[in-house]
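The structure under discussion appears below in the form of structure tokens.
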Amino acid sequence: MIVFLIGFMGSGKSHLTQQLSIANGFSVFDLDQEIEASVGKTINEIFDIHGETYFRDLEASILRNLTNKLILCESQVFENQLNKSNFVFIACGGGTPCFKNNMNWMNEKGLTVWLNPSSEILLARLAKDRAMRPLLKGLNDVEIESFINLKLLERKPFYEQSIVTIKDSPLSIETFLKLITHA
């Protein structure tokens, strides 16, 4: 089964997929890394050169292509039987669910899991690596906090459409797997 990890930037999606891969050997994909590999540019470069509209189009296309390939593999391996013990994880960008009907599409194709830590945790994490985040470049801590609050209000209606919501942070891999297995 394909599990889409969604949530605001800094919510821990990429970190969690790394842990799932290392600790349990699950197949994991990071959508941002897939995008970068497909065009040979960093996310920052894509935003700087082409802008957000181009990025969102590219993101939706790569999300669909990757998912369709995984579904094809899954059907060949499991002979069209979805098995919840055989997860494949995709860490999505923070805005992925909010554009191009991606949230509805992901809910049709797999299990969506919203990692939803507090805004205080998000601020602490994002303040450390703001230079690596195209939407945060050049912002001070007060501006980042404002940005988080504004964007969370905008994105919450999309995030709330997820099948599973996880507010605990950090969360053990075992607890996480139990939560999604019983979804």
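Chain labels run A, B, ... following the order of the structure tokens; each chain numbers its residues from 1, and ligands are numbered from 1 in the order shown.
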Val113 in chain A environment, 9 Å, only C-alpha atoms, sequence neighbours closer than 2 positions dropped, as a PyMOL selection string:
chain A and resi 3-7+111+115+159+162-166+180
Could you tell me, as a list in words, which residues of range 10-181 of chain A DSSP assigns to strand (DSSP E or B) when given the backbone?
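Matching residues for strand (DSSP E or B) in range 10-181 of chain A are Ser27, Val28, Phe29, Asp30, Val88, Phe89, Ile90, Ala91, Leu111, Thr112, Val113, Trp114, Leu115, Val164, Thr165 and Ile166 of chain A.
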Could the residues in this selection be written to a file with N, CA and C atoms, as an mmCIF file, in the first residue's frame?
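Written output follows (out.cif):
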```
data_model
loop_
_atom_site.group_PDB
_atom_site.id
_atom_site.type_symbol
_atom_site.label_atom_id
_atom_site.label_comp_id
_atom_site.auth_asym_id
_atom_site.auth_seq_id
_atom_site.Cartn_x
_atom_site.Cartn_y
_atom_site.Cartn_z
ATOM 1 N N SER A 27 10.374 0.627 1.388
ATOM 2 C CA SER A 27 10.683 1.468 0.235
ATOM 3 C C SER A 27 10.141 2.858 0.517
ATOM 4 N N VAL A 28 10.992 3.853 0.356
ATOM 5 C CA VAL A 28 10.587 5.225 0.632
ATOM 6 C C VAL A 28 11.023 6.133 -0.508
ATOM 7 N N PHE A 29 10.223 7.163 -0.719
ATOM 8 C CA PHE A 29 10.514 8.151 -1.745
ATOM 9 C C PHE A 29 10.255 9.525 -1.158
ATOM 10 N N ASP A 30 11.082 10.473 -1.536
ATOM 11 C CA ASP A 30 10.890 11.861 -1.150
ATOM 12 C C ASP A 30 10.537 12.605 -2.428
ATOM 13 N N VAL A 88 4.741 1.263 1.031
ATOM 14 C CA VAL A 88 5.690 2.110 0.325
ATOM 15 C C VAL A 88 5.329 3.530 0.739
ATOM 16 N N PHE A 89 6.315 4.317 1.137
ATOM 17 C CA PHE A 89 6.059 5.653 1.667
ATOM 18 C C PHE A 89 6.561 6.732 0.713
ATOM 19 N N ILE A 90 5.749 7.768 0.543
ATOM 20 C CA ILE A 90 6.146 8.943 -0.234
ATOM 21 C C ILE A 90 6.009 10.159 0.677
ATOM 22 N N ALA A 91 7.130 10.831 0.946
ATOM 23 C CA ALA A 91 7.117 12.084 1.698
ATOM 24 C C ALA A 91 6.837 13.201 0.703
ATOM 25 N N LEU A 111 -3.077 5.787 1.138
ATOM 26 C CA LEU A 111 -3.414 6.253 2.480
ATOM 27 C C LEU A 111 -2.667 7.559 2.733
ATOM 28 N N THR A 112 -3.404 8.610 3.066
ATOM 29 C CA THR A 112 -2.764 9.882 3.390
ATOM 30 C C THR A 112 -2.641 10.011 4.898
ATOM 31 N N VAL A 113 -1.457 10.430 5.338
ATOM 32 C CA VAL A 113 -1.170 10.594 6.760
ATOM 33 C C VAL A 113 -0.646 12.011 6.979
ATOM 34 N N TRP A 114 -1.376 12.785 7.772
ATOM 35 C CA TRP A 114 -0.998 14.161 8.075
ATOM 36 C C TRP A 114 -0.170 14.178 9.346
ATOM 37 N N LEU A 115 1.098 14.539 9.216
ATOM 38 C CA LEU A 115 1.961 14.772 10.374
ATOM 39 C C LEU A 115 1.711 16.219 10.801
ATOM 40 N N VAL A 164 -5.496 9.731 8.036
ATOM 41 C CA VAL A 164 -4.922 9.611 9.381
ATOM 42 C C VAL A 164 -4.260 10.941 9.733
ATOM 43 N N THR A 165 -4.466 11.395 10.966
ATOM 44 C CA THR A 165 -3.790 12.589 11.481
ATOM 45 C C THR A 165 -2.970 12.180 12.694
ATOM 46 N N ILE A 166 -1.705 12.598 12.696
ATOM 47 C CA ILE A 166 -0.816 12.285 13.814
ATOM 48 C C ILE A 166 -0.293 13.595 14.382
#
```
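One finds CA of Ala131 in chain A at 29.5 Å from CA of Thr67 in chain A.
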Restricting the calculation to only C-alpha atoms, which member of A:Ile62, A:Met9, A:Ser21, A:Asp141 is positioned closest to Ile35 in chain A?
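Once distances to Ile35 in chain A are computed over only C-alpha atoms, the minimum belongs to A:Ile62.
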9 Å contact set for range 46-60 of chain A, only C-alpha atoms, chain neighbours under 3 positions out, as a PyMOL selection string:
chain A and resi 31-32+35-36+39+41-43+63-65+93+95-96+99-102+134-135
